[in-house]
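Q: The structure is given below, and queries will be raised subsequently.
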Amino acid sequence: MKKEIKFNIEDLDLFYGEFQALKKVNLEIEKNEITAFIGPSGCGKSTFLRTLNRMNDLIENVKITGHVTLDDQNIYNAIDVIKLRSRVGMVFQKPNPFPMSIYDNVAYGPRVHGIKKKQELDEIVEKSLKNAAVWDEVKDRLKRNALSLSGGQQQRICIARALAVEPEVLLMDEPTSALDPISTLKIEDLATELKKQYTIVMVTHNMQQAARISDKTAFFLLGELIESDRTDKIFSNPNDKRTEDYITGRFG
Amino acid sequence: MKKEIKFNIEDLDLFYGEFQALKKVNLEIEKNEITAFIGPSGCGKSTFLRTLNRMNDLIENVKITGHVTLDDQNIYNAIDVIKLRSRVGMVFQKPNPFPMSIYDNVAYGPRVHGIKKKQELDEIVEKSLKNAAVWDEVKDRLKRNALSLSGGQQQRICIARALAVEPEVLLMDEPTSALDPISTLKIEDLATELKKQYTIVMVTHNMQQAARISDKTAFFLLGELIESDRTDKIFSNPNDKRTEDYITGRFG
Amino acid sequence: GCSDGTNNADANSNVEQNNNQSNNENNDKDVNDEEELSGTVTISGSTSVEPVGIGIAEEFMAFNPNVIVTYEGLGSSAGITNGNERVTNIGATSRGLRDNEKEFGLVEAVVAYDGIALITHPDNPIEDLTREDVQKIYLGEATNWSEFGGNDEEIVVVSREAGSGTRGAFEEIVDFEDQLTSNAIIAEGNGNVQSTVAENPQSIGYVSFTYINDTVKPVPIAGALPTVENVQNESYTIARPFIMVYHEDNLNDVSKAYMEFALSNEGQKIVEEVGAIPVN
Amino acid sequence: MDYNEKIHAISRTREKRVYKNKSKDMSVNKKRDVMEAVIEKIFLLSAFIAVISVAAITIFVFYKGLQPFLPVREASGYSFWSFVSGLEWKPSGNIDNAKFGVLYMIFGSIFASAGAIVIGVPIGVFTAVFIAELAPKKVAKIVQPAVELLAGIPSVLYGVFGLGVIVPKIMRISPQSQGQSLLAVMIVLSIMILPTVITISEAAIRTVPKHYREGSLALGASKITTIFKVTLPAAKSGILAGVVLGIGRAIGETMAVMLVAGNPESGIPTSIWDPVRPLTTNIALEMGYATGLHQDMLFATGVILFLFIIILNLALSKITSKAGE
Amino acid sequence: MGVLKDNLLKYIIYLSTIVTVGILIYIIGFIFYNGISHINLTFLTSNFDSQTQFIKVESMEGNMRNDIGYIQSLGIVLEQNEEGSTYVASIDSNSTVKNGFNRANKAFSIKRGDEIQGIGDTRIESMSLEEITSLLEGHSNYELRVSRPGDGVYPMIITTLYIVLVSLAIAAPIGILSAIYLTEYAKPGKLLRLIRFATESLAGIPSIIYGLFGMIFFVITLNMGYSIIAGALTLSIILLPVIIRQTEESLKAIPNVYREGSLGLGATQLQTIRKVILPNAIPGILVAVILSIGRIIGESAALLLTAGTVARIPDSLSSGGASLTVKAYHVAKEEGNIAMACAIGTVIILLIFTLNMLAKIISKKLNRAAAK
Ligand SMILES: Nc1ncnc2c1ncn2[C@@H]1O[C@H](COP(=O)(O)OP(=O)(O)OP(=O)(O)O)[C@@H](O)[C@H]1O
Ligand SMILES: Nc1ncnc2c1ncn2[C@@H]1O[C@H](COP(=O)(O)OP(=O)(O)OP(=O)(O)O)[C@@H](O)[C@H]1O
Ligand SMILES: [Mg+2]
Ligand SMILES: [Mg+2]
Ligand SMILES: O=P([O-])([O-])[O-]
């Protein structure tokens with residue numbers, strides 16, 4: 001099967017004011033794969049992930065240069081940012097359902113994009129919750145406040161919420177770091193399931209997790225992309241000494 | 001060399017209101033060793049560490065039962081809490097120097113305990129900073145605000161501050177988790193150095209760190225102490241399946 | 001035209017309303033005056049005049065139930081300004097107009113006279129003072145009650161604020177204009193003068209007749225108690241006029257009727273009832 | 001919107017390429033972007049009303065208040081110097097006799113505020129410490145609403161209370177014969193600034209990170225030592241902001257002060273038993289009775305008051321920006 | 001620090017708290033003690049100024065009773081008080097005085113406590129009760145001179161309510177929109193600093209200056225007269241910083257993850273504000289509104305010079321009126337009537353207390369709902 005490139009990043013520099021958080025990052029992210037970003041705290045994983053759907057635009061004093069395309073369109077001038085964000089969904093480290101009902105959470109995106117019909121919404125909500133593997137647990141209490149659920153359920157609601165706008169890519173920033181082991185497993189299984197339809201990019205600080213589920217792994221250090229390759233390659237035989245040191249726990 | 005028991009904990013239960021955070025914990029902590037606590041987030045590592053110098057007393061609705069002795073004295077009734085805390089120093093996850101000069105930070109403890117003479121204080125400050133391996137870096141700017149230092153330096157200032165009251169035990173709660181790799185290494189070296197004089201108890205979520213520097217490792221899960229033993233034993237051949245699963249990254 | 005521009009909204013509509021009425025019913029105006037008069041009269045100004053203004057207003061409204069009269073107690077100067085600026089139909093002042101105010105061309109109507117009573121704490125043994133005594137006290141030349149046969153205590157002089165009609169009149173009549181002792185305590189309003197005097201046994205103050213109450217003791221001057229009769233028979237001389245000022249063109253029909261009523265016998269009866277002195 | 005700048009920044013670094021769909025994608029959202037921008041402008045406009053108000057009030061007060069000193073007006077040209085350095089306030093009907101000196105009032109205002117700070121701030125800060133650090137939850141739940149209620153009582157009632165309770169008490173102990181005095185003003189004001197000082201100090205104390213306290217306690221310091229050596233110093237700038245706001249309130253307070261100050265027409269207070277006439281009461285006392293030059297002079301008093309407030313605000317923003325560092 | 005010093009400091013802290021609370025109790029006690037005698041239902045429901053009218057009443061066949069003061073043909077009992085005023089002490093259930101008309105032909109029902117001052121043009125002030133009884137008895141229809149006593153605060157309550165509503169209607173939207181601008185849109189820079197400086201300055205300007213401004217600008221220059229609208233506009237400016245600051249607090253308290261969550265789904269800034277931010281900020285906004293009500297109720301200097309001192313029920317925005325606090329100030333200043341001032345003060349304090357409690361309950365309730 002020939003691989004399709006979803007994201008193409010060339011020479012990406014990112015500055016928070018004077019501080020350069022990303023340095024000449026070049027990376028291709030392939031369709032229907034899970035790409036994992038690993039690296040010690042503060043190395044720029046989240047920052048990089050957030051450039052992919054322009055969430056960094058919200059931060060003051062950010063300066064970005066370089067070239068990021070999604071399906072060959074420059075995300076910084078050829079694609080409207082609102083459009084981009086509905087094509088590139090995002091799941092955050094801490095589950096962040098809105099303080100409203102489960103239903104309203106999932107219907108939020110479609111509503112924002114103009115879908116009003118109850119029936120249509122119902123369908124989307126059900127489908128998204130099913131895709132996020134949480135339908136069975138919540139189908140009887142869709143009107144309940146989403147905040148009353150457990151952390152793992154909340155995170156899957158957030159995934160369902162992201163799926164409801166039918167994105168092509170799903171960005172996940174340490175989606176399991178606030179969860180217990182069982183919920184973590186569920187999310188991991190879900191991710192492996194979802195990659196059939198979506199492209200997934202995931203930040204993790206748990207190397208075992210990266211090894212378990214990702215197809216490709218990118219290792220960051222101090223804002224630089226040190227190395228990116230097939231996951232098995234990175235974990236068994238990395239090119240760079242620093243990657244090896246990190247993976248074997250010599251620092252971080 | 002015969003081992004001396006510093007802390008002896010028997011059947012320790014701890015409740016936050018209704019929630020039981022520690023369940024029948026039994027552990028002996030030996031003198032002049034580094035004991036590491038590991039376990040997934042929320043398993044009670046910090047809670048347990050904080051019972052050892054009664055920092056949990058500050059939290060409302062905490063109920064503690066069981067038996068904790070320091071040098072065979074019960075810390076909950078035979079030792080005055082102020083005394084206990086000067087015998088059992090503590091270093092926190094996030095470096096927390098007071099917003100005052102480096103000198104005042106380190107002199108804080110001795111002053112609180114009644115030492116007023118400038119010369120005496122000078123000596124204590126110098127000695128503590130030297131012990132904390134940060135003297136050379138700050139000796140020319142002792143009057144500078146401690147907050148102007150880097151994270152790693154701040155953390156060593158905090159260690160110096162703890163050492164200045166001449167404790168017997170040093171509790172450290174993830175002391176390097178907010179630090180960069182180089183600072184981390186410095187602190188680790190420092191810990192190995194300090195154990196000659198002090199008993200060290202350290203929480204870490206970095207298993208490599210535990211493996212690198214600790215003599216003994218205790219593994220917690222959901223408030224229970226699953227297993228504690230010599231570090232090499234725990235990492236090579238644990239008794240409990242759950243310990244093995246955790247160490248090999250099957251969850252957490 | 002001038003009045004239309006500057007009247008407030010209330011007064012404006014009333015002017016029109018009343019114009020219509022008076023056109024239709026010009027023939028037997030007297031009969032209709034009582035029955036049909038309606039609209040709003042706005043008065044503002046001296047707080048000393050307030051009881052008189054409100055008393056007359058209540059009676060006027062009794063006869064003319066469709067009329068509303070409002071009285072803003074803001075001070076004499078504010079009254080003159082508001083009368084001149086047409087903020088209200090009528091301004092009320094408890095002092096005569098100053099030279100610059102005379103230039104406004106306001107009509108001045110004396111609606112009552114008012115006595116100003118000298119008051120002390122009820123425990124003060126002083127029985128009587130002459131006008132010269134009062135003058136000395138307020139000039140700061142006499143500072144101890146023993147000088148007038150009282151206790152050997154310092155005199156605490158209480159005065160109204162600068163610009164007050166009451167103060168202006170008091171200073172003029174007692175003759176110490178602009179020479180008030182710098183030790184004087186200044187209290188705002190008749191009420192605060194009273195409260196201040198009522199609470200300090202060594203103090204002396206002055207308030208309008210219409211406000212005096214039993215927390216303080218009125219002091220006779222040269223044997224004459226501050227009463228309406230004594231003012232009328234001129235044995236008590238500390239008195240001044242209450243004046244309503246207005247621009248003729250700023251009076252709507254109700255306001256005209258109010259002024260007429262104030263000067264009528266019925267109106268003057270009310271003046272007496274509230275403790276002031278009728279004009280005749 | 002502002003992203004566009006960044007977009008330009010990025011596109012400038014790259015040579016242009018041809019993108020499919022570009023025009024369609026962008027034009028669909030033209031309308032939405034315009035609406036967002038318009039609504040943002042409405043928000044901005046609302047926020048600007050505050051600026052307009054301040055400007056209007058300032059211009060107006062200065063316009064009225066500076067007139068008497070400008071030679072343009074007929075019978076005027078009162079010397080600004082005699083105004084700010086004068087020790088007598090005698091607004092006579094006869095303009096030639098009139099004296100408008102506010103220096104003694106400036107002293108009165110400063111002394112009164114300083115006194116209120118000296119009395120009120122320690123009590124306020126300690127009460128805040130109690131609520132934030134020492135009080136059991138239940139007790140804090142009673143004390144806090146009490147403080148809020150104290151803040152809600154209209155100043156007129158403080159004045160009535162001052163006249164009815166504080167002034168007579170001072171009269172009894174004062175070497176002078178009257179109770180209206182600088183001391184009375186200080187006491188009333190110190191009560192009135194309490195809520196400001198308490199609420200702001202409490203907030204400042206609460207924002208001191210927990211880890212400072214833990215650090216101190218873990219060294220074997222007692223709770224009280226921790227409060228005085230670590231918590232309060234760390235909350236210093238917040239508490240200072242509360243103090244400055246308290247000074248603002250003290251300088252600006254009118255109705256309560258008027259009833260207990262004595263408001264004499266001359267004289268710099270030389271002891272706490274002397275009556276005073278703070279700037280605010282000078283305005284409120286005579287505004288209803290003033291015309292012409294007299295009225296303008298009251299506005300001029302307002303100008304002086306205004307300058308005080310501006311200076312305080314500048315100090316406050318200095319303090320808060322320093323705290324933000 | 002030694003244990004001794006520790007304890008000393010602790011006692012100073014306790015003492016300060018006791019002083020604070022003690023002062024509060026003292027002040028409130030003083031006000032209640034002096035004011036409570038005035039307070040009853042009529043105080044809250046009657047006018048401040050007494051009101052005199054001529055009331056036409058039909059005669060009737062009352063009960064056959066012989067007590068002094070009973071007017072058979074009106075079905076009422078009259079009594080006299082120490083000051084010699086004759087007042088209606090009780091009214092028969094079928095009495096015609098309930099269906100009187102005033103000279104403007106408006107229905108007027110005589111109530112207990114109303115003073116009867118005369119019949120037709122005859123005044124009865126100096127008469128004894130017997131004389132009055134015989135004078136009144138046996139007419140076929142009457143025109144009574146009736147005076148309804150005042151000394152109540154009803155008009156001030158209504159005026160206060162008006163001013164609260166109007167000022168909030170002006171200040172709340174502006175304040176909330178400003179707060180949204182400041183937290184959600186504004187970028188750090190000159191503009192933001194200017195706006196912040198302005199709101200802080202507004203908060204610092206003494207209300208007497210607002211009063212001066214309102215008086216000359218709204219009352220005189222804009223020709224609004226002493227009116228609710230002039231008072232409310234002046235107050236709105238005073239309220240702006242209160243509302244802005246409080247709303248901003250509650251906006252800032254909303255975790256950023258909600259904003260990111262919404263924007264990450266492709267919602268626009270405005271949609272995010274409307275659907276996620278505002279619903280969450282409502283408790284804070286409500287508290288802001290309640291706190292401003294407290295501020296309005298407590299204001300005197302600014303309202304005095306813009307809405308005036310008249311105790312009347314305003315019939316439009318352009319008519320003036322005294323708020324509770326202004327009236328308390330006015331009676332203290334003019335009449336030295338401390339009891340009345342304290343009675344009004346009692347009402348004010350109870351109002352403020354209720355508002356504060358309400359704010360607490362609302363924020364607690366809504367916070368809890370949000371946490372669910
Ligand atoms: N808004 C910001 N302003 C300034 N610096 C920032 C900002 N956000 C992040 N940084 C800095 O940029 C660097 C990269 O941050 P980033 O959050 O991307 O790291 P990360 O790899 O995700 O770390 P972690 O594993 O802790 O989440 C860090 O040094 C961080 O301090
Ligand atoms: N003050 C508290 N009140 C109630 N529950 C608490 C409190 N502090 C901690 N807990 C709970 O007690 C459990 C143990 O917490 P603890 O902080 O000891 O975990 P930990 O092992 O240190 O985790 P981490 O690695 O995240 O620091 C957790 O479930 C936590 O939610
Ligand atoms: Mg991150
Ligand atoms: Mg922990
Ligand atoms: O209020 P007065 O002007 O009459 O003193």
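In the structure tokens, chains take the letters A, B, ... in the order shown, each chain's residues start at 1, and ligands count up from 1 in the order shown.
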Using only C-alpha atoms and all ligand atoms, find each residue with an atom at most 6 Å away from ligand 5 and format the answer as a list of chain:residue names.

A: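 What falls inside 6 Å of ligand 5 is C:Ser46, C:Thr47, C:Ser48, C:Gly75, C:Ser76, C:Ser94, C:Ser164, C:Gly165, C:Thr166.
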
Q: Ligand 2: which residues are within 7 Å, counting only C-alpha atoms and all ligand atoms, as JSON, numbers by chain?

A: {"B": [16, 17, 19, 21, 39, 40, 41, 42, 43, 44, 45, 46, 47, 48, 59, 205, 223]}

Q: Would you return as a PyMOL selection string the members of region 173-295 of chain D that DSSP assigns to alpha helix (DSSP H) on this structure's backbone?

A: chain D and resi 173+182-207+210-218+223-226+232-234+236-252+255-261+279-287+292-295

Q: List as an mmCIF file with N, CA and C atoms, in the first residue's frame the protein and nucleic acid residues near region 219-221 of chain C, meaning an atom at most 10 Å away when only C-alpha atoms are counted, but skip any in the same chain fewer than 2 places from it.

A:
```cif
data_model
loop_
_atom_site.group_PDB
_atom_site.id
_atom_site.type_symbol
_atom_site.label_atom_id
_atom_site.label_comp_id
_atom_site.auth_asym_id
_atom_site.auth_seq_id
_atom_site.Cartn_x
_atom_site.Cartn_y
_atom_site.Cartn_z
ATOM 1 N N ALA C 117 -33.501 81.036 65.766
ATOM 2 C CA ALA C 117 -33.438 80.862 67.214
ATOM 3 C C ALA C 117 -32.030 80.508 67.637
ATOM 4 N N LEU C 118 -31.590 81.163 68.692
ATOM 5 C CA LEU C 118 -30.318 80.810 69.287
ATOM 6 C C LEU C 118 -30.580 79.614 70.185
ATOM 7 N N ILE C 119 -29.751 78.581 70.099
ATOM 8 C CA ILE C 119 -30.026 77.402 70.913
ATOM 9 C C ILE C 119 -28.782 76.965 71.687
ATOM 10 N N THR C 120 -29.027 76.389 72.853
ATOM 11 C CA THR C 120 -27.946 75.776 73.626
ATOM 12 C C THR C 120 -28.403 74.391 74.064
ATOM 13 N N HIS C 121 -27.476 73.706 74.703
ATOM 14 C CA HIS C 121 -27.801 72.413 75.299
ATOM 15 C C HIS C 121 -28.815 72.635 76.421
ATOM 16 N N PRO C 122 -29.770 71.734 76.609
ATOM 17 C CA PRO C 122 -30.772 71.914 77.665
ATOM 18 C C PRO C 122 -30.150 72.062 79.056
ATOM 19 N N ASN C 124 -27.528 73.702 79.793
ATOM 20 C CA ASN C 124 -26.805 74.969 79.949
ATOM 21 C C ASN C 124 -27.639 75.924 80.795
ATOM 22 N N ILE C 126 -27.495 79.050 81.183
ATOM 23 C CA ILE C 126 -27.679 80.423 80.672
ATOM 24 C C ILE C 126 -29.165 80.699 80.432
ATOM 25 N N GLU C 127 -29.632 81.847 80.933
ATOM 26 C CA GLU C 127 -31.050 82.170 80.834
ATOM 27 C C GLU C 127 -31.323 83.211 79.758
ATOM 28 N N ASP C 128 -30.328 84.031 79.502
ATOM 29 C CA ASP C 128 -30.604 85.154 78.632
ATOM 30 C C ASP C 128 -29.284 85.693 78.076
ATOM 31 N N LEU C 129 -29.330 86.201 76.845
ATOM 32 C CA LEU C 129 -28.150 86.837 76.261
ATOM 33 C C LEU C 129 -28.606 88.096 75.532
ATOM 34 N N THR C 130 -27.716 89.051 75.448
ATOM 35 C CA THR C 130 -28.048 90.209 74.619
ATOM 36 C C THR C 130 -27.486 89.983 73.221
ATOM 37 N N ARG C 131 -27.907 90.838 72.308
ATOM 38 C CA ARG C 131 -27.394 90.671 70.958
ATOM 39 C C ARG C 131 -25.885 90.903 70.912
ATOM 40 N N GLU C 132 -25.435 91.800 71.760
ATOM 41 C CA GLU C 132 -24.000 92.059 71.809
ATOM 42 C C GLU C 132 -23.250 90.824 72.324
ATOM 43 N N ASP C 133 -23.845 90.184 73.329
ATOM 44 C CA ASP C 133 -23.244 88.936 73.834
ATOM 45 C C ASP C 133 -23.070 87.940 72.686
ATOM 46 N N VAL C 134 -24.165 87.774 71.945
ATOM 47 C CA VAL C 134 -24.122 86.810 70.845
ATOM 48 C C VAL C 134 -23.037 87.195 69.855
ATOM 49 N N ILE C 204 -23.185 76.389 71.562
ATOM 50 C CA ILE C 204 -24.253 77.311 71.197
ATOM 51 C C ILE C 204 -24.389 77.302 69.683
ATOM 52 N N GLY C 205 -25.634 77.368 69.213
ATOM 53 C CA GLY C 205 -25.835 77.341 67.772
ATOM 54 C C GLY C 205 -27.084 78.123 67.411
ATOM 55 N N TYR C 206 -27.448 78.082 66.141
ATOM 56 C CA TYR C 206 -28.667 78.775 65.731
ATOM 57 C C TYR C 206 -29.361 77.981 64.642
ATOM 58 N N VAL C 216 -32.970 70.649 72.187
ATOM 59 C CA VAL C 216 -32.134 71.819 72.487
ATOM 60 C C VAL C 216 -32.987 72.880 73.176
ATOM 61 N N LYS C 217 -32.299 73.871 73.729
ATOM 62 C CA LYS C 217 -33.010 74.911 74.479
ATOM 63 C C LYS C 217 -32.874 76.245 73.753
ATOM 64 N N GLY C 223 -34.287 89.092 76.808
ATOM 65 C CA GLY C 223 -35.544 88.769 77.457
ATOM 66 C C GLY C 223 -36.611 88.228 76.526
ATOM 67 N N ALA C 224 -36.408 88.351 75.225
ATOM 68 C CA ALA C 224 -37.451 87.902 74.304
ATOM 69 C C ALA C 224 -37.145 86.502 73.807
ATOM 70 N N LEU C 225 -38.089 85.583 74.028
ATOM 71 C CA LEU C 225 -37.923 84.221 73.530
ATOM 72 C C LEU C 225 -38.128 84.205 72.012
ATOM 73 N N PRO C 226 -37.446 83.311 71.326
ATOM 74 C CA PRO C 226 -37.685 83.238 69.883
ATOM 75 C C PRO C 226 -39.033 82.614 69.574
ATOM 76 N N THR C 227 -40.060 83.436 69.501
ATOM 77 C CA THR C 227 -41.384 82.936 69.138
ATOM 78 C C THR C 227 -41.934 83.805 68.018
ATOM 79 N N SER C 235 -39.968 92.384 69.308
ATOM 80 C CA SER C 235 -39.096 92.302 70.472
ATOM 81 C C SER C 235 -37.967 91.291 70.212
ATOM 82 N N TYR C 236 -38.170 90.408 69.257
ATOM 83 C CA TYR C 236 -37.106 89.466 68.865
ATOM 84 C C TYR C 236 -36.759 89.802 67.427
ATOM 85 N N THR C 237 -35.493 90.157 67.220
ATOM 86 C CA THR C 237 -35.196 90.796 65.936
ATOM 87 C C THR C 237 -34.397 89.940 64.958
ATOM 88 N N ILE C 238 -34.044 88.726 65.392
ATOM 89 C CA ILE C 238 -33.245 87.928 64.451
ATOM 90 C C ILE C 238 -34.188 87.184 63.512
#
```

Q: Could you please tell me, as JSON, numbers by chain, which residues of chain C have an atom within 10 Å of chain E when using only C-alpha atoms?

A: {"C": [5, 6, 7, 8, 9, 10, 34, 35, 36, 37, 38, 42, 44, 47, 48, 50, 54, 55, 57, 58, 59, 60, 61, 62, 63, 64, 65, 66, 67, 68, 69, 70, 71, 72, 73, 74, 82, 85, 86, 87, 88, 187, 188, 189, 190, 191, 192, 193, 194, 195, 196, 198, 207, 210, 211, 212, 213, 215]}

Q: Write down as a list of chain:residue names the residues of region 157-188 of chain B whose backbone DSSP state falls under strand (DSSP E or B).

A: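 Taking region 157-188 of chain B and keeping strand (DSSP E or B) only, one gets B:Val169, B:Leu170, B:Leu171, B:Met172, B:Asp173.
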
Q: Deliver the residues from the most recent selection as a file, using C-alpha atoms, as a tab-separated table (two decimals), in the first residue's frame.

A:
```
chain	number	residue	atom	x	y	z
B	169	VAL	CA	16.08	12.25	57.34
B	170	LEU	CA	15.42	13.96	54.00
B	171	LEU	CA	12.07	13.38	52.33
B	172	MET	CA	11.95	14.22	48.64
B	173	ASP	CA	8.75	14.23	46.64
```

Q: Go through chain B residue by residue and, counting only C-alpha atoms, keep those with an atom at most 7 Å from chain D; for each kept residue give the shortest atom pair and its distance in Å to one decimal, ordered by chain and increasing number, as CSV.

A:
```
residue,atom,partner,partner_atom,distance
B:Ile82,CA,D:Gly220,CA,4.6
B:Lys83,CA,D:Gly220,CA,6.4
B:Arg85,CA,D:Gly220,CA,4.7
B:Ser86,CA,D:Gly220,CA,4.8
B:Gly89,CA,D:Ala218,CA,6.3
B:Met90,CA,D:Ala218,CA,6.0
B:Asn96,CA,D:His211,CA,6.1
B:Phe98,CA,D:Tyr212,CA,6.1
B:Pro99,CA,D:Ala234,CA,6.5
B:Gly109,CA,D:Leu219,CA,5.7
B:Val112,CA,D:Ala221,CA,6.1
B:Ala162,CA,D:Leu219,CA,6.5
```

Q: Can you work out which one of E:Met215, E:Ala359, E:Leu366, E:Ala328 has the shortest atom-to-atom distance to chain A, counting only C-alpha atoms?

A: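 The closest residue to chain A is E:Leu366.
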
Q: Set the distance at 9 Å and use only C-alpha atoms: which residues neighbour Asn105 (chain B) once local chain neighbours fewer than 6 positions away are removed? I'd like the list as a PyMOL selection string.

A: chain B and resi 97-99+146+157-158+160-161
